[in-house]
Amino acid sequence: MKKIILSIFAMSLLIVSCSNDDDGTTSEPLGAYEDGIIVSSEGGPSSIDFISEDLTTIENQIYFNVNNEATGVYLQSLGFNDDKAYIVVQDGTITVVNRYTFEKLATISTGLTLPRYIAFEDNTAYVSDWGDGNDTTDDYIAVIDLTSNTVISTIPVSEGPEQILEESDKLYVSHKGGYNVNNVISVIDTSDNSLETITVNDVPDEMFIDESGDLLVLSSGANQYWLTPAVITDAAITRINLSDNSIISNLEFPSGEHPSLMTYEDGIAYYILNNKVYSLADNATSLPTSSLFDLSTSYAYGLSVDDNQLFVTDASFTGNSTLLVYDISSGTETNTFSVGVGASKIYFN
Amino acid sequence: MIVEHINITLIILGRLCNKKRVRRPANFKTIKSNFRDKSDLRMIRVILSFLLLFFYSVTKAQIANDSIQRLDEVVLSDVKLKRYASGFKLKVLNDSLLKKNNSSFTDILRFNSNLYFKENGYGMVSSPSFRGTNASQTAVIWNGININSQLTGQTDFNTINTTNFKSIVIRSGGGSVQYGSGAVGGSIHLNNTLSFTSHFDNTATLSYGSYDTKNVSYLSSFGNEKLSLNIGLNYIDSENDYKYLNTDERNENGAFKNGSINANLGYILSEKNVLKLYHQSFIGEREFSGTASTRSLAKYEDQNFRTMLEWSHLGKKTNSKLKVAHLQEHFKYFGNQNTDNYTFGKVNTYLINYTADIDLIKHLKFKPIVSYNYYEGSGSSFDDPNRKEFSTTALLLYTPSPKWYYGFNLRQDVNSSFDSPLLFSFDIAYNVSDAYKLKLNGSKNYRVPTFNDLYWQQGGNLDLVPETSYQVDLGQELTYKNAKLNLNAFYINTTDLIQWQPNDSGFWSPDNVDKTQNYGIEASLDITKRVNAHQFSLQSNYAYTVSEDLETNKQLIYVPYHKANINLAYAYKRISVFVQHLYTGEVFTTTDNRFGPLYSIDAYEVSNSGVNYQLLKTNSQQIDVSLKVNNLFNTAYENVAFRPMPDRNFNFQIQYKF
C-alpha cells in the first residue's frame, strides 16, 4: 500500500514538474526506470545510469543489468518517443528499448554510419548522420520507419549534422560540422523533405524552442588554433523566427570565448563558460555580464535543467564521471552521483 | 565531442596488423675464418653451444677470451646485449622454442615470459606491459636498434613476424642508456645471427588451421668462410572469424593477412673487416574487429621496412663498428573499409651509429657509442614534423675477478624538440658460487614524447618533456643440476607520465601529469631431465606486480596483480608433446578500481597443447608433422574489455628441412 501511495505521489510529481512525453494517465508503475533521471555515458565502456527522481538512489549501468550486454562505443545520445527509448551509438547502431524497463526490443543498424542525434514525428524517426567522417559530402538525415525499425530513406544535408529537433512538421538540424566547421541550420519540411538553410555563427550545436516558439541556437565558434593560419571565430547565441527563418537576434561572445553547453527551461537559457553558469532570458538583448554561480567541475561535459535544478556532468574518460546537481536559485551544489565513463547526456524520464 | 574519442583511440592504437607463425632454423653455425688453429675452433664450438644454452646469463668474466670477442663481433648483431648486461635478468627464447610453438609473437611471449599483453582480440593491436609499465615503456630492439613507432611510441606485437630470428631476448629492467627511449620496464630484442660455416639449409613449412588460417614460410640459409646469407619469407592469411563463446556472435570484421621478408647478408672482407646487411619488410592488412557490442567496418594497413648496413673493424685492442640504417613505418587507417577514405601516418628514420670496444687496461673495458638519428614524419593529423637527435653513450665494464662484474653507463641526448635528461645505469653481478649468483642493477630511464604527442592536430603539445623513471632490480639465480631458479624484486618510480586528457579548450591534449610506482617480484623455474631416451622439461614463470598511481593509490588499468604460466614438454625418439597453461589475474579497466563487468576483467586460465612427430629423419632431410590445439578447454576469456578471444582451435603443420 505504501508503495502504491509512493508511486502515485511520484507520478503526480512527474506530472506537475516534468516535461514528459508520457500521457501520465497510467497509475500502475510501468517499470523500474519510470520516474527519474537518465544519464548516458559515452564510454568506453558506455553505460546508462538511473537516478530516482527524489535524488536518493542511483542504479548504475541499467541497460547492462537488464539485458546482460553492453551498449557499444561511443554512446552518443538517447531519444525518447512514446514508451520507447532509442540509444544512438556512434558505431552505426540504434538500440530500441522500453523506456521504463530498458528491456531491449530491437536494433537498427542497416543504413546508419555515424549517427549522432534522433528526433521523432508521428511514426517516423529522423537521425542525423555524418556518413564517413572524412567525407564532407556524404552527410545525411536517416529516415526510420518506427514500425519496422528500418531506414527507409535518407535526406542529404551539408557537413556535420548534429542536434536535430522537430517542431510543427519541420526538422531543425544544427550543423556543427563534424571533423570540420560548418555554420548552418538545416530546415527540412517533412511533408516533402524540401530543404532550406539558415546561416548562423560557426559550429552551431545546442538548440531549443523558446517560450515564444522561436529557435534558440548556441554556436561555439571555430577554434582551430592548430591550423596555419588559425581559424578562430566568434561564438553566438542566435534566436530565429521559425515563421520565416529570419534572425531575430544574434548575441556574439567576445573573441576567445567558446561555450559549448546550453540548456533551457521556462524562458531562460543556461550556458556554461569557463566553469561558470550564466543565464539568458528570452527577452534579453545582450549577453549577461555576470554569472549565476561557479561550478566545481574540472570538465563540464553534459548539462540539463529541470525544475530549477541544474544537472552537470563532470566527465572522466578513464574512470567514473560525476553528476552534480545545483540549486539554481541559491547556486549551491545539492547532490553528487558517480556515473559512467565519459558521462555526457542527462534526460528526465 | 565524442568523435574526438576516435582520434584518441587512433593515437592509442598505434600500429596494427596481422599475426604470424614463427619458425627458424635450428642450427647454430660457428665461424672459422678467424681461427686457423683447429683445436681453437673446436674449443670455440664447445663454448658456442654452451653459450646457446645459457646465452646471456653467463657472466662474461668466466669465458672472457679475445677470440670469443672477435667471434661475437662477427656473428652477433648486438654485442652489448651479451657483454654489458650481466647484472640484468635476461631470458632467451631460442629458435627451437620459437619454431616448436608455431604461434603468434604475442602468444609466444604470453606463455613463455612474465610479460602481460593487451590484445584487442586475436591478431588485432597487441601491446605489451613489462612489470606493470605501459606499452610505450617497453622497447623493441631489432638487431640492436630501437624500432618502437615514432608515432605511438610503442610496437604492435602483431606486426612483428619472428620468422628467421635466431633468438628473442627479454631483458628486464631499465635499458634507456643502451637502447634509448621506451626501455623503461624492459626491452624485447629480436636478433639475427650470421654463420660463416659452410652450409646450405632450407626449411619449408605449410600450416592450416581453424578459421581458414593458412600460413606458408620458407627459410634458407647459406654460408661459407667468406659469405653468409639467410632469408626468410612468410605469408599468413586468416578469416579469424572465431566464435564468441556463450553468445551466438562471431568475430566479424577480424580477418588479417600479412607477408614478410627477412634477409641478412654477411661478407668477410678481410681478416679485420666484416660487412653485414640486415633487412626486414612487413606488409600487412587487417580488418579491425569491433567489440562484443560494437560493430566495426574498420581496416588498417601496415608497411614497415628496416634496413641496416654494418661495417665491423676488428683491431688488436679495439673493435669498432659503424652502422647506418633506414627505418620506415607507414600505416593507413580506413574507418570504413568500403570507402576510399583513410588517414595515414608515416615516419622515416635515418640513423648513423659508431661504436668501439676498447680494452683500456686489463679487466677494464670501455665502449663509447655516438649516434645521430633523423626522423621525418608526415600524416593526416599533422604536417611534416621532423626531429634530430644526437646521443652519446659511454659503457664501462670492470671485471676484477671471475666472481665480480661491474658495469657503469651514461648517456646524454641532444634533441631538436625537447630537453633530454642525463641517463645512467649501473649493474653488478656477483658469483657467490657456481650454484648461486646475485645481480643488482639500477638506472634512470626515459620515454620521449612521440610525434602524435607533440604534433597531433588537434591537441598536440609542444611543451612536453620526456617521462623519466628511476628503478632498481635485485636478482638471484640458483642452479642445481638441471634446474635453474631465478628470483627478482624490482621497484620503478616514474614521473611526468604523458597522458591524454581534455584540456581547458575541451580538446584532448597530452600532458606530463602522472606519477606512478611499480614494484613486485618475479620467479622463473627451468628444469630439464633426461632419462635414457626420454626427455622432460618444465619451464614456469610467475609475477606479482603492483603498479599504482601515486596520487590516487589505485592500481593502474590493465595490470594484473598475478600472472603465471607453465610449460611442460616430453620427447621420446621421434615424438614430442607439450602442454602450456597460462593464468592471468583480474585487471581493472577503469581507473576507479571497481569490480564488475564494466570496470574489470575476470581472471582467466587458458591452455594449449601440441604434438610433433618426425615422419622422416636422415642426415640431410627431415619431415615433421605437428598438431596444436589452442584453448584446449574451450574457455571463454577476454584480455581487453568486450573483446572475446578465440574458442578452441586447431592448427596442423608440416615442415620439411633439407
# chains A, B, ... in the order shown; residues from 1 in each chain; ligands from 1

call {"tool": "select_by_dssp", "arguments": {"residues": "stretch 40-243 of chain A", "states": "strand (DSSP E)", "output": "ChimeraX atom specification"}}
result
/A:40-41,47-52,58-59,75-81,84-89,93-98,104-108,115-121,124-129,140-145,150-156,161-167,170-175,184-189,194-199,204-209,215-219,223-224,231-232,236-241

call {"tool": "residues_around", "arguments": {"residues": "stretch 57-65 of chain A", "least_positions_apart": "2", "cutoff": "9 Å", "atoms": "only C-alpha atoms", "output": "list in words"}}
result
Tyr33, Ser46, Ser47, Ile48, Asp49, Phe50, Ile51, Ser52, Glu53, Asp54, Leu55, Asn67, Asn68, Glu69, Ala70, Thr71, Val97, Thr101, Phe102, Glu103, Lys104, Phe337, Ser338, Val339 and Gly340 of chain A; Pro597 and Leu598 of chain B

call {"tool": "write_last_selection", "arguments": {"atoms": "C-alpha atoms", "output": "PDB file, in the first residue's frame"}}
result
ATOM      1  CA  TYR A  33      13.015   3.382 -14.511  1.00  0.00           C
ATOM      2  CA  SER A  46      29.446   3.226 -22.438  1.00  0.00           C
ATOM      3  CA  SER A  47      26.658   2.912 -19.928  1.00  0.00           C
ATOM      4  CA  ILE A  48      23.315   4.303 -18.816  1.00  0.00           C
ATOM      5  CA  ASP A  49      22.586   5.171 -15.200  1.00  0.00           C
ATOM      6  CA  PHE A  50      19.295   5.845 -13.437  1.00  0.00           C
ATOM      7  CA  ILE A  51      18.778   8.192 -10.525  1.00  0.00           C
ATOM      8  CA  SER A  52      15.473   8.301  -8.673  1.00  0.00           C
ATOM      9  CA  GLU A  53      13.559  11.485  -9.071  1.00  0.00           C
ATOM     10  CA  ASP A  54      13.942  12.355  -5.389  1.00  0.00           C
ATOM     11  CA  LEU A  55      17.713  12.074  -5.854  1.00  0.00           C
ATOM     12  CA  ASN A  67      19.981  -7.104 -20.901  1.00  0.00           C
ATOM     13  CA  ASN A  68      23.330  -8.544 -19.815  1.00  0.00           C
ATOM     14  CA  GLU A  69      25.100  -6.887 -22.699  1.00  0.00           C
ATOM     15  CA  ALA A  70      26.971  -3.645 -23.046  1.00  0.00           C
ATOM     16  CA  THR A  71      25.910  -0.673 -25.072  1.00  0.00           C
ATOM     17  CA  VAL A  97      14.392  -0.313 -25.552  1.00  0.00           C
ATOM     18  CA  THR A 101      12.171  -1.169 -18.155  1.00  0.00           C
ATOM     19  CA  PHE A 102      15.123  -0.733 -20.541  1.00  0.00           C
ATOM     20  CA  GLU A 103      14.459  -4.149 -21.995  1.00  0.00           C
ATOM     21  CA  LYS A 104      15.904  -4.387 -25.462  1.00  0.00           C
ATOM     22  CA  PHE A 337      26.456  10.892  -8.066  1.00  0.00           C
ATOM     23  CA  SER A 338      29.066   8.606  -9.527  1.00  0.00           C
ATOM     24  CA  VAL A 339      28.032   7.941 -13.130  1.00  0.00           C
ATOM     25  CA  GLY A 340      29.622   6.222 -16.129  1.00  0.00           C
TER      26      GLY A 340
ATOM     27  CA  PRO B 597      31.687  -6.293 -15.960  1.00  0.00           C
ATOM     28  CA  LEU B 598      32.048  -2.645 -16.961  1.00  0.00           C
TER      29      LEU B 598
END

call {"tool": "residues_around", "arguments": {"residues": "A:Asn180", "least_positions_apart": "4", "cutoff": "9 Å", "atoms": "only C-alpha atoms", "output": "list of chain:residue names"}}
result
A:Thr136, A:Glu159, A:Gly160, A:Lys176, A:Val203

call {"tool": "interface_residues", "arguments": {"of": "chain A", "to": "chain B", "cutoff": "9 Å", "atoms": "only C-alpha atoms", "output": "tab-separated table (two decimals) with C-alpha atoms, in the first residue's frame"}}
result
chain	number	residue	atom	x	y	z
A	42	GLU	CA	29.89	7.67	-23.97
A	44	GLY	CA	34.19	3.12	-23.21
A	45	PRO	CA	32.60	1.25	-21.82
A	46	SER	CA	29.45	3.23	-22.44
A	47	SER	CA	26.66	2.91	-19.93
A	61	GLN	CA	24.61	0.51	-15.88
A	64	PHE	CA	23.65	-3.93	-18.83
A	69	GLU	CA	25.10	-6.89	-22.70
A	70	ALA	CA	26.97	-3.64	-23.05
A	71	THR	CA	25.91	-0.67	-25.07
A	72	GLY	CA	28.51	-0.03	-27.78
A	73	VAL	CA	31.05	2.72	-28.05
A	74	TYR	CA	30.66	5.52	-28.26
A	75	LEU	CA	27.18	6.14	-26.94
A	76	GLN	CA	26.22	9.47	-28.45
A	89	VAL	CA	25.70	4.67	-30.75
A	90	GLN	CA	28.35	6.09	-32.98
A	91	ASP	CA	29.35	2.73	-34.49
A	92	GLY	CA	26.14	2.93	-36.54
A	93	THR	CA	23.67	1.22	-34.24
A	113	THR	CA	27.03	5.09	-40.48
A	132	ASP	CA	32.05	8.75	-43.35
A	133	GLY	CA	33.59	11.34	-41.05
A	134	ASN	CA	36.32	12.05	-43.58
A	135	ASP	CA	33.87	12.69	-46.40
A	178	GLY	CA	31.76	17.02	-37.91
A	179	TYR	CA	35.52	16.98	-38.17
A	223	ASN	CA	38.57	27.25	-32.51
A	224	GLN	CA	41.05	25.61	-34.86
A	225	TYR	CA	44.12	27.16	-33.31
A	226	TRP	CA	46.36	24.42	-34.68
A	227	LEU	CA	45.81	25.39	-38.30
A	258	HIS	CA	33.77	29.24	-26.84
A	274	ASN	CA	34.86	28.78	-18.22
A	298	SER	CA	37.03	20.05	-13.87
A	299	TYR	CA	35.50	19.15	-17.22
A	301	TYR	CA	30.62	17.78	-20.39
A	316	SER	CA	36.27	11.45	-16.70
A	317	PHE	CA	37.28	9.23	-19.61
A	318	THR	CA	39.41	6.82	-17.65
A	319	GLY	CA	37.11	6.19	-14.72
A	320	ASN	CA	33.67	7.09	-13.50
A	341	VAL	CA	32.80	6.81	-18.10
A	342	GLY	CA	32.51	9.95	-20.23

call {"tool": "residues_around", "arguments": {"residues": "A:Leu112", "least_positions_apart": "3", "cutoff": "9 Å", "atoms": "only C-alpha atoms", "output": "ChimeraX atom specification"}}
result
/A:91-94,108-109,115,127,129,131,142,151

call {"tool": "write_last_selection", "arguments": {"atoms": "N, CA, C and O atoms", "output": "mmCIF file, in the first residue's frame"}}
result
data_model
loop_
_atom_site.group_PDB
_atom_site.id
_atom_site.type_symbol
_atom_site.label_atom_id
_atom_site.label_comp_id
_atom_site.auth_asym_id
_atom_site.auth_seq_id
_atom_site.Cartn_x
_atom_site.Cartn_y
_atom_site.Cartn_z
ATOM 1 N N ASP A 91 28.897 3.760 -33.555
ATOM 2 C CA ASP A 91 29.345 2.728 -34.486
ATOM 3 C C ASP A 91 28.315 2.440 -35.566
ATOM 4 O O ASP A 91 28.538 1.615 -36.441
ATOM 5 N N GLY A 92 27.146 3.127 -35.512
ATOM 6 C CA GLY A 92 26.138 2.933 -36.542
ATOM 7 C C GLY A 92 24.984 2.063 -36.081
ATOM 8 O O GLY A 92 24.348 1.400 -36.888
ATOM 9 N N THR A 93 24.729 2.074 -34.788
ATOM 10 C CA THR A 93 23.666 1.225 -34.245
ATOM 11 C C THR A 93 22.719 2.064 -33.394
ATOM 12 O O THR A 93 23.153 2.931 -32.639
ATOM 13 N N ILE A 94 21.433 1.797 -33.540
ATOM 14 C CA ILE A 94 20.455 2.353 -32.610
ATOM 15 C C ILE A 94 19.747 1.174 -31.955
ATOM 16 O O ILE A 94 19.237 0.293 -32.635
ATOM 17 N N ILE A 108 18.583 -1.257 -34.780
ATOM 18 C CA ILE A 108 18.596 -0.703 -36.142
ATOM 19 C C ILE A 108 20.057 -0.457 -36.485
ATOM 20 O O ILE A 108 20.745 0.290 -35.779
ATOM 21 N N SER A 109 20.558 -1.102 -37.526
ATOM 22 C CA SER A 109 21.951 -0.837 -37.882
ATOM 23 C C SER A 109 22.139 -0.627 -39.375
ATOM 24 O O SER A 109 23.012 0.127 -39.786
ATOM 25 N N PRO A 115 25.840 7.844 -36.618
ATOM 26 C CA PRO A 115 24.664 8.599 -36.170
ATOM 27 C C PRO A 115 24.965 9.437 -34.932
ATOM 28 O O PRO A 115 25.816 9.082 -34.118
ATOM 29 N N VAL A 127 17.339 10.759 -37.975
ATOM 30 C CA VAL A 127 18.628 10.643 -37.293
ATOM 31 C C VAL A 127 19.695 11.396 -38.081
ATOM 32 O O VAL A 127 19.864 11.172 -39.282
ATOM 33 N N ASP A 129 23.331 11.997 -39.298
ATOM 34 C CA ASP A 129 24.392 11.018 -39.515
ATOM 35 C C ASP A 129 25.504 11.673 -40.334
ATOM 36 O O ASP A 129 25.250 12.265 -41.370
ATOM 37 N N GLY A 131 27.780 10.202 -41.937
ATOM 38 C CA GLY A 131 28.335 9.361 -43.003
ATOM 39 C C GLY A 131 29.763 9.025 -42.647
ATOM 40 O O GLY A 131 30.112 8.866 -41.474
ATOM 41 N N ALA A 142 18.897 10.202 -41.706
ATOM 42 C CA ALA A 142 18.281 8.903 -41.982
ATOM 43 C C ALA A 142 16.823 8.956 -41.528
ATOM 44 O O ALA A 142 16.522 9.433 -40.435
ATOM 45 N N VAL A 151 15.647 1.876 -41.836
ATOM 46 C CA VAL A 151 15.904 3.140 -42.521
ATOM 47 C C VAL A 151 15.232 3.058 -43.885
ATOM 48 O O VAL A 151 15.546 2.177 -44.684
#

call {"tool": "closest_residue", "arguments": {"among": "A:Ser128, A:Thr150, A:Val312, A:Tyr347", "to": "A:Tyr172", "atoms": "only C-alpha atoms"}}
result
A:Ser128

call {"tool": "residues_around", "arguments": {"residues": "A:Met207", "least_positions_apart": "3", "cutoff": "9 Å", "atoms": "only C-alpha atoms", "output": "number ranges by chain"}}
result
A: 163-165, 172-174, 204, 215-218, 262-264

call {"tool": "write_last_selection", "arguments": {"atoms": "N, CA and C atoms", "output": "PDB file, in the first residue's frame"}}
result
ATOM      1  N   GLN A 163      22.693  18.203 -33.687  1.00  0.00           N
ATOM      2  CA  GLN A 163      21.423  18.041 -32.982  1.00  0.00           C
ATOM      3  C   GLN A 163      20.263  18.240 -33.953  1.00  0.00           C
ATOM      4  N   ILE A 164      19.171  17.550 -33.626  1.00  0.00           N
ATOM      5  CA  ILE A 164      18.016  17.597 -34.518  1.00  0.00           C
ATOM      6  C   ILE A 164      16.768  17.704 -33.666  1.00  0.00           C
ATOM      7  N   LEU A 165      15.893  18.654 -34.003  1.00  0.00           N
ATOM      8  CA  LEU A 165      14.631  18.700 -33.272  1.00  0.00           C
ATOM      9  C   LEU A 165      13.483  18.951 -34.235  1.00  0.00           C
ATOM     10  N   TYR A 172      14.717  20.757 -37.548  1.00  0.00           N
ATOM     11  CA  TYR A 172      15.787  21.751 -37.472  1.00  0.00           C
ATOM     12  C   TYR A 172      17.067  21.011 -37.087  1.00  0.00           C
ATOM     13  N   VAL A 173      18.076  21.154 -37.916  1.00  0.00           N
ATOM     14  CA  VAL A 173      19.323  20.405 -37.718  1.00  0.00           C
ATOM     15  C   VAL A 173      20.480  21.396 -37.590  1.00  0.00           C
ATOM     16  N   SER A 174      21.214  21.312 -36.479  1.00  0.00           N
ATOM     17  CA  SER A 174      22.381  22.204 -36.328  1.00  0.00           C
ATOM     18  C   SER A 174      23.604  21.514 -36.930  1.00  0.00           C
ATOM     19  N   PRO A 204      27.371  25.582 -34.897  1.00  0.00           N
ATOM     20  CA  PRO A 204      26.108  25.542 -34.150  1.00  0.00           C
ATOM     21  C   PRO A 204      25.873  24.140 -33.585  1.00  0.00           C
ATOM     22  N   LEU A 215      13.476  29.682 -32.325  1.00  0.00           N
ATOM     23  CA  LEU A 215      14.559  28.709 -32.181  1.00  0.00           C
ATOM     24  C   LEU A 215      15.791  29.397 -31.599  1.00  0.00           C
ATOM     25  N   LEU A 216      16.319  28.781 -30.555  1.00  0.00           N
ATOM     26  CA  LEU A 216      17.493  29.329 -29.878  1.00  0.00           C
ATOM     27  C   LEU A 216      18.668  28.423 -30.203  1.00  0.00           C
ATOM     28  N   VAL A 217      19.753  29.000 -30.728  1.00  0.00           N
ATOM     29  CA  VAL A 217      20.892  28.187 -31.170  1.00  0.00           C
ATOM     30  C   VAL A 217      22.163  28.693 -30.494  1.00  0.00           C
ATOM     31  N   LEU A 218      22.924  27.759 -29.928  1.00  0.00           N
ATOM     32  CA  LEU A 218      24.251  28.122 -29.421  1.00  0.00           C
ATOM     33  C   LEU A 218      25.295  27.668 -30.443  1.00  0.00           C
ATOM     34  N   MET A 262      24.549  24.318 -23.451  1.00  0.00           N
ATOM     35  CA  MET A 262      23.441  25.207 -23.129  1.00  0.00           C
ATOM     36  C   MET A 262      22.212  24.350 -22.858  1.00  0.00           C
ATOM     37  N   THR A 263      21.361  24.814 -21.952  1.00  0.00           N
ATOM     38  CA  THR A 263      20.084  24.133 -21.712  1.00  0.00           C
ATOM     39  C   THR A 263      19.024  25.204 -21.513  1.00  0.00           C
ATOM     40  N   TYR A 264      17.776  24.776 -21.447  1.00  0.00           N
ATOM     41  CA  TYR A 264      16.705  25.778 -21.471  1.00  0.00           C
ATOM     42  C   TYR A 264      15.512  25.315 -20.650  1.00  0.00           C
TER      43      TYR A 264
END

call {"tool": "residues_around", "arguments": {"residues": "B:Ile145", "least_positions_apart": "6", "cutoff": "9 Å", "atoms": "only C-alpha atoms", "output": "ChimeraX atom specification"}}
result
/B:78,179-180,189,325
